[in-house]
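Student: Structure supplied as upload_39.cif; contents: mmCIF, C-alpha atoms.
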data_model
#
loop_
_atom_site.label_atom_id
_atom_site.label_comp_id
_atom_site.auth_asym_id
_atom_site.auth_seq_id
_atom_site.Cartn_x
_atom_site.Cartn_y
_atom_site.Cartn_z
CA MET E 249 -6.22 -22.58 -6.04
CA THR E 250 -6.92 -19.22 -7.64
CA LEU E 251 -7.47 -15.75 -6.25
CA THR E 252 -11.08 -14.87 -5.54
CA THR E 253 -12.54 -12.05 -7.64
CA LEU E 254 -15.29 -9.91 -6.12
CA THR E 255 -17.55 -7.44 -7.91
CA PRO E 256 -17.56 -3.69 -7.21
CA ASP E 257 -20.71 -4.01 -5.08
CA ALA E 258 -18.93 -6.28 -2.61
CA THR E 259 -18.95 -5.15 1.00
CA VAL E 260 -15.98 -4.47 3.25
CA ASP E 261 -16.99 -7.59 5.18
CA ASP E 262 -16.75 -9.60 1.95
CA LEU E 263 -13.22 -8.34 1.30
CA TYR E 264 -12.13 -8.81 4.89
CA GLN E 265 -13.31 -12.42 5.03
CA VAL E 266 -11.60 -13.40 1.76
CA ILE E 267 -8.34 -11.67 2.70
CA GLN E 268 -8.42 -13.30 6.13
CA ARG E 269 -8.73 -16.67 4.41
CA ASP E 270 -6.47 -16.26 1.37
CA GLY E 271 -4.22 -13.28 2.10
CA GLY E 272 -5.50 -11.32 -0.89
CA VAL E 273 -8.47 -10.65 -3.15
CA ILE E 274 -9.21 -9.13 -6.58
CA VAL E 275 -11.92 -6.47 -6.91
CA LYS E 276 -13.19 -6.14 -10.47
CA ASP E 277 -13.68 -2.60 -11.86
CA PHE E 278 -12.27 -1.04 -8.69
CA ILE E 279 -12.01 2.39 -10.36
CA ASP E 280 -14.07 3.80 -13.20
CA ALA E 281 -12.87 4.20 -16.76
CA ALA E 282 -12.56 8.00 -16.58
CA THR E 283 -10.35 7.91 -13.49
CA LEU E 284 -8.25 5.13 -14.98
CA ALA E 285 -7.74 7.10 -18.19
CA ALA E 286 -6.75 10.21 -16.23
CA LEU E 287 -4.27 8.27 -14.10
CA LYS E 288 -2.69 6.72 -17.16
CA ALA E 289 -2.44 10.03 -18.98
CA ASP E 290 -0.88 11.75 -15.97
CA ILE E 291 1.79 9.19 -15.10
CA THR E 292 2.77 7.75 -18.48
CA PRO E 293 5.03 10.64 -19.61
CA ALA E 294 7.14 10.47 -16.44
CA LEU E 295 7.09 6.66 -16.29
CA ASP E 296 8.30 6.43 -19.88
CA LYS E 297 11.35 8.50 -18.88
CA ALA E 298 12.12 6.46 -15.75
CA SER E 299 15.27 4.36 -15.69
CA TRP E 300 15.26 0.59 -15.94
CA GLY E 301 15.70 -1.33 -12.70
CA SER E 302 19.21 -2.43 -11.87
CA HIS E 303 18.79 -5.86 -10.28
CA GLU E 304 16.50 -8.86 -9.98
CA PHE E 305 14.19 -7.37 -7.37
CA THR E 306 13.46 -4.08 -9.12
CA GLY E 307 13.68 -5.73 -12.54
CA VAL E 308 16.03 -5.01 -15.42
CA ARG E 309 13.17 -4.66 -17.92
CA THR E 310 10.90 -2.77 -15.53
CA ARG E 311 10.32 0.96 -15.08
CA ARG E 312 9.22 2.31 -11.69
CA LEU E 313 7.93 5.74 -10.72
CA GLY E 314 7.47 6.84 -7.10
CA ALA E 315 6.07 9.97 -5.43
CA LEU E 316 2.88 9.55 -7.44
CA PHE E 317 1.05 12.43 -5.76
CA LYS E 318 3.60 14.68 -7.44
CA HIS E 319 2.42 13.45 -10.84
CA THR E 320 -1.34 13.06 -10.37
CA GLN E 321 -3.97 13.95 -7.80
CA HIS E 322 -6.11 11.09 -9.10
CA VAL E 323 -4.12 8.65 -6.99
CA ALA E 324 -6.13 10.10 -4.08
CA ASP E 325 -9.10 8.20 -5.50
CA ILE E 326 -7.25 4.99 -4.69
CA ALA E 327 -6.17 6.06 -1.21
CA LEU E 328 -9.67 7.17 -0.22
CA HIS E 329 -11.65 4.45 -1.99
CA PRO E 330 -14.08 3.12 0.64
CA LEU E 331 -13.42 -0.57 -0.03
CA TYR E 332 -9.65 -0.23 0.21
CA HIS E 333 -9.55 2.33 3.00
CA GLU E 334 -12.11 0.61 5.18
CA VAL E 335 -10.72 -2.89 4.81
CA ALA E 336 -7.31 -1.46 5.77
CA GLU E 337 -8.94 0.02 8.88
CA ARG E 338 -10.38 -3.39 9.72
CA PHE E 339 -6.95 -4.99 9.63
CA LEU E 340 -4.85 -2.20 11.10
CA ILE E 341 -6.82 0.02 13.46
CA LEU E 342 -6.67 -2.16 16.54
CA PRO E 343 -6.49 -0.81 20.09
CA THR E 344 -3.43 -1.40 22.28
CA ALA E 345 -3.77 -1.41 26.07
CA VAL E 346 -1.01 0.60 27.79
CA TRP E 347 -0.38 1.84 31.30
CA SER E 348 0.27 5.49 32.07
CA GLY E 349 0.85 5.81 35.78
CA GLU E 350 -2.00 4.00 37.50
CA SER E 351 -4.36 4.28 34.54
CA GLN E 352 -4.66 1.80 31.70
CA ASP E 353 -5.82 3.24 28.43
CA GLU E 354 -6.49 1.78 24.99
CA LEU E 355 -4.49 3.55 22.32
CA PRO E 356 -6.00 3.43 18.84
CA SER E 357 -3.76 3.12 15.80
CA ASN E 358 -4.15 5.15 12.64
CA LEU E 359 -3.25 4.75 8.98
CA GLN E 360 -0.59 6.27 6.77
CA ILE E 361 0.39 5.89 3.13
CA GLY E 362 3.66 3.99 3.25
CA MET E 363 4.57 4.08 -0.43
CA THR E 364 3.25 4.77 -3.92
CA GLN E 365 4.66 3.49 -7.17
CA ALA E 366 3.73 2.95 -10.80
CA ILE E 367 5.29 -0.23 -12.19
CA ASP E 368 5.61 -1.01 -15.89
CA ILE E 369 6.89 -4.53 -16.64
CA TYR E 370 8.18 -4.91 -20.19
CA PRO E 371 8.47 -8.03 -22.38
CA GLY E 372 11.52 -10.09 -21.47
CA GLU E 373 11.36 -9.33 -17.75
CA GLY E 374 11.82 -12.29 -15.43
CA ALA E 375 9.85 -13.08 -12.31
CA GLN E 376 10.55 -10.99 -9.23
CA PRO E 377 11.75 -12.87 -6.13
CA LEU E 378 8.82 -13.80 -3.89
CA HIS E 379 8.65 -11.67 -0.76
CA ARG E 380 6.50 -10.24 2.00
CA ASP E 381 6.02 -6.46 1.93
CA ASP E 382 6.12 -6.16 5.72
CA SER E 383 9.73 -7.34 5.65
CA VAL E 384 10.69 -3.67 5.27
CA TRP E 385 10.18 -3.46 9.05
CA HIS E 386 11.78 -6.87 9.75
CA TRP E 387 8.27 -8.00 10.77
CA ARG E 388 8.04 -11.46 12.30
CA HIS E 389 5.28 -14.01 11.71
CA PRO E 390 3.13 -14.55 13.54
CA GLU E 391 3.43 -11.09 15.13
CA GLY E 392 0.68 -11.53 17.67
CA GLY E 393 -1.66 -11.93 14.72
CA ARG E 394 -1.28 -8.24 13.89
CA GLN E 395 -0.79 -6.95 10.36
CA ALA E 396 1.41 -3.97 9.48
CA ARG E 397 0.27 -3.22 5.92
CA VAL E 398 -2.61 -3.52 3.47
CA GLN E 399 -1.35 -3.15 -0.11
CA ILE E 400 -3.16 -2.51 -3.36
CA MET E 401 -2.21 -2.94 -7.02
CA VAL E 402 -4.54 -1.26 -9.50
CA ALA E 403 -4.28 -2.60 -13.03
CA VAL E 404 -3.75 0.28 -15.48
CA THR E 405 -3.56 -2.30 -18.28
CA ASP E 406 -4.92 -5.84 -18.21
CA PHE E 407 -2.96 -8.27 -15.99
CA THR E 408 -2.51 -11.80 -17.34
CA ALA E 409 -0.47 -14.88 -16.52
CA ASP E 410 1.79 -14.10 -19.49
CA ASN E 411 2.41 -10.37 -19.18
CA GLY E 412 3.72 -10.11 -15.62
CA GLY E 413 0.54 -10.21 -13.55
CA THR E 414 1.51 -10.29 -9.87
CA ARG E 415 2.12 -13.82 -8.58
CA VAL E 416 0.58 -14.58 -5.17
CA ILE E 417 0.73 -17.55 -2.80
CA PRO E 418 -2.77 -17.80 -1.30
CA GLY E 419 -2.68 -18.70 2.38
CA SER E 420 0.98 -17.77 2.83
CA HIS E 421 0.04 -15.01 5.28
CA LYS E 422 -0.49 -17.79 7.82
CA TRP E 423 3.04 -19.19 7.48
CA ASP E 424 5.81 -18.66 9.99
CA ASP E 425 9.21 -17.29 8.98
CA GLU E 426 10.88 -20.68 8.55
CA ARG E 427 8.94 -21.75 5.47
CA ALA E 428 10.38 -20.50 2.18
CA PRO E 429 8.09 -19.53 -0.72
CA ARG E 430 8.37 -21.53 -3.95
CA PRO E 431 7.40 -20.34 -7.45
CA GLU E 432 5.26 -23.42 -8.08
CA GLU E 433 3.02 -22.40 -5.17
CA THR E 434 2.03 -19.10 -6.79
CA VAL E 435 -1.04 -18.22 -8.81
CA PRO E 436 -1.16 -15.31 -11.28
CA THR E 437 -3.22 -12.18 -10.79
CA GLU E 438 -5.45 -12.05 -13.85
CA MET E 439 -7.66 -8.97 -13.96
CA THR E 440 -8.90 -6.35 -16.36
CA ALA E 441 -7.71 -2.74 -16.39
CA GLY E 442 -9.35 -0.78 -13.58
CA SER E 443 -9.52 -3.83 -11.31
CA ALA E 444 -7.39 -4.14 -8.19
CA LEU E 445 -5.53 -6.74 -6.16
CA ILE E 446 -5.65 -6.05 -2.41
CA TRP E 447 -3.44 -8.06 -0.07
CA ILE E 448 -1.81 -7.87 3.35
CA GLY E 449 1.86 -7.44 4.16
CA ALA E 450 2.31 -11.02 5.33
CA THR E 451 1.32 -12.55 1.96
CA TYR E 452 4.12 -13.81 -0.29
CA HIS E 453 3.95 -12.36 -3.80
CA GLY E 454 6.09 -10.97 -6.61
CA GLY E 455 5.85 -9.47 -10.06
CA GLY E 456 5.46 -12.10 -12.75
CA SER E 457 7.59 -12.66 -15.84
CA ASN E 458 6.45 -10.98 -19.05
CA SER E 459 6.55 -13.31 -22.02
CA SER E 460 3.99 -11.30 -23.99
CA ASP E 461 4.61 -8.67 -26.65
CA ALA E 462 3.47 -5.64 -24.60
CA PRO E 463 4.21 -4.08 -21.20
CA ARG E 464 1.82 -4.30 -18.29
CA MET E 465 1.31 -1.25 -16.05
CA GLY E 466 0.02 -1.09 -12.50
CA ILE E 467 -0.19 1.43 -9.67
CA THR E 468 0.58 0.19 -6.18
CA MET E 469 0.11 1.85 -2.81
CA SER E 470 0.23 0.77 0.81
CA LEU E 471 -1.78 1.77 3.85
CA ASP E 472 0.32 1.03 6.91
CA LEU E 473 0.24 1.33 10.68
CA GLY E 474 0.74 4.99 11.52
CA PHE E 475 3.43 4.41 14.13
CA LEU E 476 5.82 2.66 11.71
CA ARG E 477 8.36 4.50 9.59
CA GLN E 478 7.07 5.10 6.06
CA GLU E 479 8.80 3.08 3.35
CA GLU E 480 8.82 6.03 0.96
CA ASN E 481 10.01 9.38 2.35
CA HIS E 482 7.09 11.58 1.32
CA TYR E 483 8.48 14.62 3.16
CA LEU E 484 11.47 14.75 0.81
CA ALA E 485 9.77 13.34 -2.30
CA LEU E 486 6.72 15.64 -2.34
CA PRO E 487 7.07 19.43 -2.40
CA ARG E 488 5.13 21.19 0.37
CA GLU E 489 3.00 23.04 -2.19
CA THR E 490 2.01 19.72 -3.79
CA VAL E 491 0.82 18.37 -0.45
CA LYS E 492 -1.06 21.59 0.35
CA ALA E 493 -3.13 21.12 -2.80
CA LEU E 494 -4.32 17.66 -1.73
CA PRO E 495 -7.47 16.92 0.29
CA GLU E 496 -6.83 17.07 4.03
CA PRO E 497 -7.53 13.33 4.55
CA VAL E 498 -4.74 12.57 2.06
CA GLN E 499 -2.41 15.08 3.74
CA ARG E 500 -2.92 13.23 7.00
CA LEU E 501 -2.35 9.86 5.34
CA LEU E 502 0.93 11.13 3.90
CA GLY E 503 2.23 11.60 7.44
CA TYR E 504 0.94 15.03 8.45
CA GLU E 505 -0.89 13.51 11.38
CA ALA E 506 0.68 12.18 14.57
CA ALA E 507 0.05 8.55 15.46
CA PRO E 508 -1.43 8.15 18.95
CA PRO E 509 -0.22 8.94 21.46
CA PHE E 510 2.11 11.42 19.68
CA VAL E 511 4.49 9.72 17.25
CA GLY E 512 5.42 12.25 14.60
CA TRP E 513 4.67 15.47 16.48
CA VAL E 514 6.38 18.72 15.56
CA GLU E 515 7.12 21.68 17.80
CA VAL E 516 5.32 24.86 16.75
CA ASP E 517 5.67 27.94 18.93
CA GLY E 518 6.73 25.79 21.86
CA VAL E 519 3.78 23.42 21.51
CA MET E 520 3.96 19.68 20.63
CA SER E 521 1.66 19.94 17.64
CA GLU E 522 0.03 17.92 14.90
CA PRO E 523 2.18 18.34 11.74
CA ILE E 524 -0.90 19.21 9.70
CA VAL E 525 -0.58 22.78 11.04
CA LEU E 526 2.53 23.26 8.89
CA LEU E 527 0.33 23.05 5.80
CA ALA E 528 -2.08 25.84 6.75
CA ASP E 529 -2.09 29.23 8.42
CA THR E 530 -3.82 27.93 11.53
CA PRO E 531 -2.88 27.96 15.22
CA ALA E 532 -0.84 25.08 16.57
CA VAL E 533 -2.94 22.04 17.43
CA PRO E 534 -1.50 19.98 20.31
CA ALA E 535 -0.68 16.38 19.52
CA SER E 536 -2.69 13.77 21.38
CA SER E 537 -1.46 12.99 24.85
#
Just give me the structure as structure tokens.

Tutor:
Amino acid sequence: MTLTTLTPDATVDDLYQVIQRDGGVIVKDFIDAATLAALKADITPALDKASWGSHEFTGVRTRRLGALFKHTQHVADIALHPLYHEVAERFLILPTAVWSGESQDELPSNLQIGMTQAIDIYPGEGAQPLHRDDSVWHWRHPEGGRQARVQIMVAVTDFTADNGGTRVIPGSHKWDDERAPRPEETVPTEMTAGSALIWIGATYHGGGSNSSDAPRMGITMSLDLGFLRQEENHYLALPRETVKALPEPVQRLLGYEAAPPFVGWVEVDGVMSEPIVLLADTPAVPASS
């Protein structure tokens, strides 16, 4: 079995159906050449100075760079890309029925950016241990059929079977927690620069080994359920002025929006408010109740 590759004119329904079936999908030419070149130019200087990983999971011949919005605003093009953003909504924005007194209401969920990272796997790196990304929350499978995360990996350079292209086990999102992943069950992510792998948090995967003569670079990001703790602490990693310069939808995705009913509120002038007000000189906006 191989990963399905869709063209840029694919619909959100196309992506959703393939991910439901396989746990992940490749979208060819996900971002245009100009945006890709700008991303690479912005992050490469800092990534080249990053330290090597220190153990098998982070890689000893791998450089990683977080807090990407601090290095380039072009990463917003990934976060807001309609195919990625809307397929994440399809998986994650599901209503939850709750009682409040004698009334039962349906609470919607919202999205947040859980983490961002540029990953550069160099020749000589071994394969990363296979894992599920939703394990950061000790997520159990099946968890009522609900997903916690939709992840993306955008290829900054070509991904191949030999240079560390992400290894994925198609269908593993349907497994329970008793079945262990095995390397021989994986297939490599092979895609050209500018293409993207999109998968859900329940799918087993891992960075591949690089037996080529050149590094492979990718940019990864997650869109997660808004009421979960973010994997990367954006509030400490990103200066307030950096966040203020970003589009408001990205500000909200970075955590400056409360998750219904009011997870993440902040008190402003005695009012339980949406945290977005801390980024602008506007009156306090009450959090949802």

Student: Each residue of segment 405-458 of chain E with at least one atom at most 10 Å from segment 358-381 of chain E should appear once, together with its nearest atom pair and the corresponding distance in Å (one decimal); atoms considered: all atoms listed in the file; ordering: chain, then increasing residue number; output as a tab-separated table.

Tutor:
residue	atom	partner	partner_atom	distance
E:Thr405	CA	E:Asp368	CA	9.6
E:Asp410	CA	E:Pro371	CA	9.5
E:Asn411	CA	E:Pro371	CA	7.2
E:Gly412	CA	E:Ile369	CA	6.5
E:Gly413	CA	E:Ile369	CA	9.1
E:Thr414	CA	E:Gln376	CA	9.1
E:Arg415	CA	E:Leu378	CA	8.2
E:Val416	CA	E:Leu378	CA	8.4
E:Ile417	CA	E:Leu378	CA	9.0
E:Ser420	CA	E:Arg380	CA	9.4
E:His421	CA	E:Arg380	CA	8.7
E:Ala428	CA	E:Leu378	CA	9.2
E:Pro429	CA	E:Leu378	CA	6.6
E:Arg430	CA	E:Leu378	CA	7.7
E:Pro431	CA	E:Leu378	CA	7.6
E:Thr434	CA	E:Leu378	CA	9.1
E:Trp447	CA	E:Asp381	CA	9.8
E:Ile448	CA	E:Asp381	CA	8.1
E:Gly449	CA	E:Asp381	CA	4.8
E:Ala450	CA	E:Arg380	CA	5.4
E:Thr451	CA	E:Arg380	CA	5.7
E:Tyr452	CA	E:Arg380	CA	4.9
E:His453	CA	E:Leu378	CA	5.1
E:Gly454	CA	E:Leu378	CA	4.8
E:Gly455	CA	E:Gln376	CA	5.0
E:Gly456	CA	E:Ala375	CA	4.5
E:Ser457	CA	E:Ala375	CA	4.2
E:Asn458	CA	E:Pro371	CA	4.9

Student: Using atom CA of Glu337 of chain E and atom CA of Arg500 of chain E as the two end points, give the distance in Å to one decimal.

Tutor: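 Computed distance, atom CA of Glu337 of chain E to atom CA of Arg500 of chain E, equals 14.6 Å.
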
Student: Given the PyMOL selection byres ((chain E and resi 404) around 12) and the file above, list the residues it selects as an NGL selection string.

Tutor: :E and (277-292 or 323 or 366-369 or 401-403 or 405-407 or 413 or 439-445 or 463-468)

Student: Would you mind telling me which residue in E:Val511, E:Val260, E:Ala462, E:Ser470 lies nearest to Arg309 of chain E when using only C-alpha atoms?

Tutor: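 When distances to Arg309 of chain E are compared using only C-alpha atoms, the smallest one comes from E:Ala462.
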
Student: Using only C-alpha atoms, which residue out of E:Ala324, E:Ile446, E:Ala396, E:Leu342 lies closest to Leu263 of chain E?

Tutor: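 When distances to Leu263 of chain E are compared using only C-alpha atoms, the smallest one comes from E:Ile446.
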
Student: Do you have the atom CA of Glu505 of chain E-atom CA of Leu313 of chain E distance handy?

Tutor: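 Straight-line distance from atom CA of Glu505 of chain E to atom CA of Leu313 of chain E works out to 25.0 Å.
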
Student: Quote the spacing between atom CA of Gln395 of chain E and atom CA of Gln268 of chain E in Å to one decimal place.

Tutor: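 Answer for the atom CA of Gln395 of chain E to atom CA of Gln268 of chain E separation: 10.8 Å.
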
Student: With all atoms listed in the file as the atoms that count, which of E:Glu350, E:Glu480, E:Asp424, E:Asp257 lies nearest to Pro330 of chain E?

Tutor: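 When distances to Pro330 of chain E are compared using all atoms listed in the file, the smallest one comes from E:Asp257.
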
Student: Hey, can you pull every residue with an atom no more than 9 Å from (7.8, -14.7, 12.0), using only C-alpha atoms, and send it as a list in words?

Tutor: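 Output of the proximity query reads Trp387, Arg388, His389, Pro390, Glu391, Trp423, Asp424, Asp425 and Glu426 of chain E.
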
Student: Pull C-alpha atoms from the residues just selected and write them as an mmCIF file, keeping the file's coordinate frame.

Tutor:
data_model
loop_
_atom_site.group_PDB
_atom_site.id
_atom_site.type_symbol
_atom_site.label_atom_id
_atom_site.label_comp_id
_atom_site.auth_asym_id
_atom_site.auth_seq_id
_atom_site.Cartn_x
_atom_site.Cartn_y
_atom_site.Cartn_z
ATOM 1 C CA TRP E 387 8.270 -8.000 10.770
ATOM 2 C CA ARG E 388 8.040 -11.460 12.300
ATOM 3 C CA HIS E 389 5.280 -14.010 11.710
ATOM 4 C CA PRO E 390 3.130 -14.550 13.540
ATOM 5 C CA GLU E 391 3.430 -11.090 15.130
ATOM 6 C CA TRP E 423 3.040 -19.190 7.480
ATOM 7 C CA ASP E 424 5.810 -18.660 9.990
ATOM 8 C CA ASP E 425 9.210 -17.290 8.980
ATOM 9 C CA GLU E 426 10.880 -20.680 8.550
#

Student: Would you fill out segment 377-388 of chain E with all heavy atoms and return it as a PDB file, in the coordinates of the input?

Tutor:
ATOM      1  N   PRO E 377      11.684 -11.961  -7.271  1.00  0.00           N
ATOM      2  CA  PRO E 377      11.750 -12.870  -6.130  1.00  0.00           C
ATOM      3  C   PRO E 377      10.510 -12.713  -5.236  1.00  0.00           C
ATOM      4  O   PRO E 377      10.041 -11.591  -4.993  1.00  0.00           O
ATOM      5  CB  PRO E 377      13.017 -12.426  -5.394  1.00  0.00           C
ATOM      6  CG  PRO E 377      13.860 -11.799  -6.447  1.00  0.00           C
ATOM      7  CD  PRO E 377      12.898 -11.122  -7.379  1.00  0.00           C
ATOM      8  N   LEU E 378       9.990 -13.828  -4.760  1.00  0.00           N
ATOM      9  CA  LEU E 378       8.820 -13.800  -3.890  1.00  0.00           C
ATOM     10  C   LEU E 378       9.207 -13.208  -2.539  1.00  0.00           C
ATOM     11  O   LEU E 378      10.268 -13.519  -1.986  1.00  0.00           O
ATOM     12  CB  LEU E 378       8.248 -15.205  -3.731  1.00  0.00           C
ATOM     13  CG  LEU E 378       7.756 -15.842  -5.034  1.00  0.00           C
ATOM     14  CD1 LEU E 378       7.456 -17.320  -4.823  1.00  0.00           C
ATOM     15  CD2 LEU E 378       6.517 -15.114  -5.554  1.00  0.00           C
ATOM     16  N   HIS E 379       8.331 -12.381  -1.999  1.00  0.00           N
ATOM     17  CA  HIS E 379       8.650 -11.670  -0.760  1.00  0.00           C
ATOM     18  C   HIS E 379       7.382 -11.254  -0.045  1.00  0.00           C
ATOM     19  O   HIS E 379       6.283 -11.286  -0.592  1.00  0.00           O
ATOM     20  CB  HIS E 379       9.491 -10.426  -1.072  1.00  0.00           C
ATOM     21  CG  HIS E 379       8.784  -9.454  -1.968  1.00  0.00           C
ATOM     22  ND1 HIS E 379       8.675  -9.652  -3.337  1.00  0.00           N
ATOM     23  CD2 HIS E 379       8.142  -8.286  -1.708  1.00  0.00           C
ATOM     24  CE1 HIS E 379       8.000  -8.651  -3.876  1.00  0.00           C
ATOM     25  NE2 HIS E 379       7.655  -7.812  -2.907  1.00  0.00           N
ATOM     26  N   ARG E 380       7.561 -10.844   1.207  1.00  0.00           N
ATOM     27  CA  ARG E 380       6.500 -10.240   2.000  1.00  0.00           C
ATOM     28  C   ARG E 380       6.796  -8.742   2.107  1.00  0.00           C
ATOM     29  O   ARG E 380       7.907  -8.349   2.431  1.00  0.00           O
ATOM     30  CB  ARG E 380       6.461 -10.857   3.399  1.00  0.00           C
ATOM     31  CG  ARG E 380       5.851 -12.242   3.456  1.00  0.00           C
ATOM     32  CD  ARG E 380       6.107 -12.907   4.788  1.00  0.00           C
ATOM     33  NE  ARG E 380       5.097 -13.936   5.087  1.00  0.00           N
ATOM     34  CZ  ARG E 380       5.242 -14.894   5.979  1.00  0.00           C
ATOM     35  NH1 ARG E 380       6.368 -14.969   6.701  1.00  0.00           N
ATOM     36  NH2 ARG E 380       4.286 -15.774   6.195  1.00  0.00           N
ATOM     37  N   ASP E 381       5.785  -7.906   1.890  1.00  0.00           N
ATOM     38  CA  ASP E 381       6.020  -6.460   1.930  1.00  0.00           C
ATOM     39  C   ASP E 381       6.318  -5.953   3.335  1.00  0.00           C
ATOM     40  O   ASP E 381       6.976  -4.920   3.489  1.00  0.00           O
ATOM     41  CB  ASP E 381       4.820  -5.719   1.350  1.00  0.00           C
ATOM     42  CG  ASP E 381       4.819  -5.731  -0.167  1.00  0.00           C
ATOM     43  OD1 ASP E 381       5.893  -5.894  -0.761  1.00  0.00           O
ATOM     44  OD2 ASP E 381       3.736  -5.588  -0.767  1.00  0.00           O
ATOM     45  N   ASP E 382       5.840  -6.649   4.366  1.00  0.00           N
ATOM     46  CA  ASP E 382       6.120  -6.160   5.720  1.00  0.00           C
ATOM     47  C   ASP E 382       7.538  -6.460   6.176  1.00  0.00           C
ATOM     48  O   ASP E 382       7.938  -6.088   7.286  1.00  0.00           O
ATOM     49  CB  ASP E 382       5.086  -6.680   6.726  1.00  0.00           C
ATOM     50  CG  ASP E 382       5.004  -8.195   6.810  1.00  0.00           C
ATOM     51  OD1 ASP E 382       5.915  -8.881   6.311  1.00  0.00           O
ATOM     52  OD2 ASP E 382       4.016  -8.700   7.386  1.00  0.00           O
ATOM     53  N   SER E 383       8.323  -7.100   5.311  1.00  0.00           N
ATOM     54  CA  SER E 383       9.730  -7.340   5.650  1.00  0.00           C
ATOM     55  C   SER E 383      10.524  -6.039   5.704  1.00  0.00           C
ATOM     56  O   SER E 383      11.642  -6.027   6.240  1.00  0.00           O
ATOM     57  CB  SER E 383      10.378  -8.310   4.666  1.00  0.00           C
ATOM     58  OG  SER E 383      10.397  -7.765   3.359  1.00  0.00           O
ATOM     59  N   VAL E 384       9.972  -4.944   5.172  1.00  0.00           N
ATOM     60  CA  VAL E 384      10.690  -3.670   5.270  1.00  0.00           C
ATOM     61  C   VAL E 384      10.886  -3.257   6.722  1.00  0.00           C
ATOM     62  O   VAL E 384      11.803  -2.496   7.041  1.00  0.00           O
ATOM     63  CB  VAL E 384       9.976  -2.541   4.488  1.00  0.00           C
ATOM     64  CG1 VAL E 384       9.948  -2.846   3.006  1.00  0.00           C
ATOM     65  CG2 VAL E 384       8.579  -2.275   5.026  1.00  0.00           C
ATOM     66  N   TRP E 385      10.040  -3.755   7.617  1.00  0.00           N
ATOM     67  CA  TRP E 385      10.180  -3.460   9.050  1.00  0.00           C
ATOM     68  C   TRP E 385      10.748  -4.651   9.834  1.00  0.00           C
ATOM     69  O   TRP E 385      10.667  -4.691  11.051  1.00  0.00           O
ATOM     70  CB  TRP E 385       8.829  -3.076   9.660  1.00  0.00           C
ATOM     71  CG  TRP E 385       8.206  -1.898   9.000  1.00  0.00           C
ATOM     72  CD1 TRP E 385       8.617  -0.597   9.051  1.00  0.00           C
ATOM     73  CD2 TRP E 385       7.045  -1.908   8.158  1.00  0.00           C
ATOM     74  NE1 TRP E 385       7.798   0.196   8.305  1.00  0.00           N
ATOM     75  CE2 TRP E 385       6.818  -0.575   7.751  1.00  0.00           C
ATOM     76  CE3 TRP E 385       6.160  -2.902   7.731  1.00  0.00           C
ATOM     77  CZ2 TRP E 385       5.751  -0.222   6.917  1.00  0.00           C
ATOM     78  CZ3 TRP E 385       5.111  -2.549   6.911  1.00  0.00           C
ATOM     79  CH2 TRP E 385       4.914  -1.224   6.508  1.00  0.00           C
ATOM     80  N   HIS E 386      11.270  -5.655   9.108  1.00  0.00           N
ATOM     81  CA  HIS E 386      11.780  -6.870   9.750  1.00  0.00           C
ATOM     82  C   HIS E 386      10.665  -7.537  10.564  1.00  0.00           C
ATOM     83  O   HIS E 386      10.913  -8.124  11.614  1.00  0.00           O
ATOM     84  CB  HIS E 386      12.973  -6.545  10.669  1.00  0.00           C
ATOM     85  CG  HIS E 386      14.096  -5.823  10.004  1.00  0.00           C
ATOM     86  ND1 HIS E 386      15.389  -5.905  10.444  1.00  0.00           N
ATOM     87  CD2 HIS E 386      14.143  -4.986   8.928  1.00  0.00           C
ATOM     88  CE1 HIS E 386      16.184  -5.155   9.684  1.00  0.00           C
ATOM     89  NE2 HIS E 386      15.435  -4.596   8.751  1.00  0.00           N
ATOM     90  N   TRP E 387       9.442  -7.462  10.072  1.00  0.00           N
ATOM     91  CA  TRP E 387       8.270  -8.000  10.770  1.00  0.00           C
ATOM     92  C   TRP E 387       8.388  -9.509  10.914  1.00  0.00           C
ATOM     93  O   TRP E 387       8.850 -10.187   9.990  1.00  0.00           O
ATOM     94  CB  TRP E 387       7.011  -7.663   9.965  1.00  0.00           C
ATOM     95  CG  TRP E 387       5.745  -7.530  10.754  1.00  0.00           C
ATOM     96  CD1 TRP E 387       4.708  -8.416  10.794  1.00  0.00           C
ATOM     97  CD2 TRP E 387       5.349  -6.431  11.579  1.00  0.00           C
ATOM     98  NE1 TRP E 387       3.697  -7.942  11.588  1.00  0.00           N
ATOM     99  CE2 TRP E 387       4.065  -6.719  12.089  1.00  0.00           C
ATOM    100  CE3 TRP E 387       5.967  -5.226  11.945  1.00  0.00           C
ATOM    101  CZ2 TRP E 387       3.372  -5.855  12.945  1.00  0.00           C
ATOM    102  CZ3 TRP E 387       5.285  -4.362  12.789  1.00  0.00           C
ATOM    103  CH2 TRP E 387       4.007  -4.675  13.275  1.00  0.00           C
ATOM    104  N   ARG E 388       7.987 -10.023  12.041  1.00  0.00           N
ATOM    105  CA  ARG E 388       8.040 -11.460  12.300  1.00  0.00           C
ATOM    106  C   ARG E 388       6.638 -12.046  12.219  1.00  0.00           C
ATOM    107  O   ARG E 388       5.632 -11.366  12.485  1.00  0.00           O
ATOM    108  CB  ARG E 388       8.645 -11.746  13.676  1.00  0.00           C
ATOM    109  CG  ARG E 388      10.103 -11.258  13.853  1.00  0.00           C
ATOM    110  CD  ARG E 388      11.079 -12.048  12.984  1.00  0.00           C
ATOM    111  NE  ARG E 388      11.156 -11.526  11.620  1.00  0.00           N
ATOM    112  CZ  ARG E 388      11.719 -12.173  10.609  1.00  0.00           C
ATOM    113  NH1 ARG E 388      12.232 -13.385  10.801  1.00  0.00           N
ATOM    114  NH2 ARG E 388      11.763 -11.633   9.407  1.00  0.00           N
TER     115      ARG E 388
END
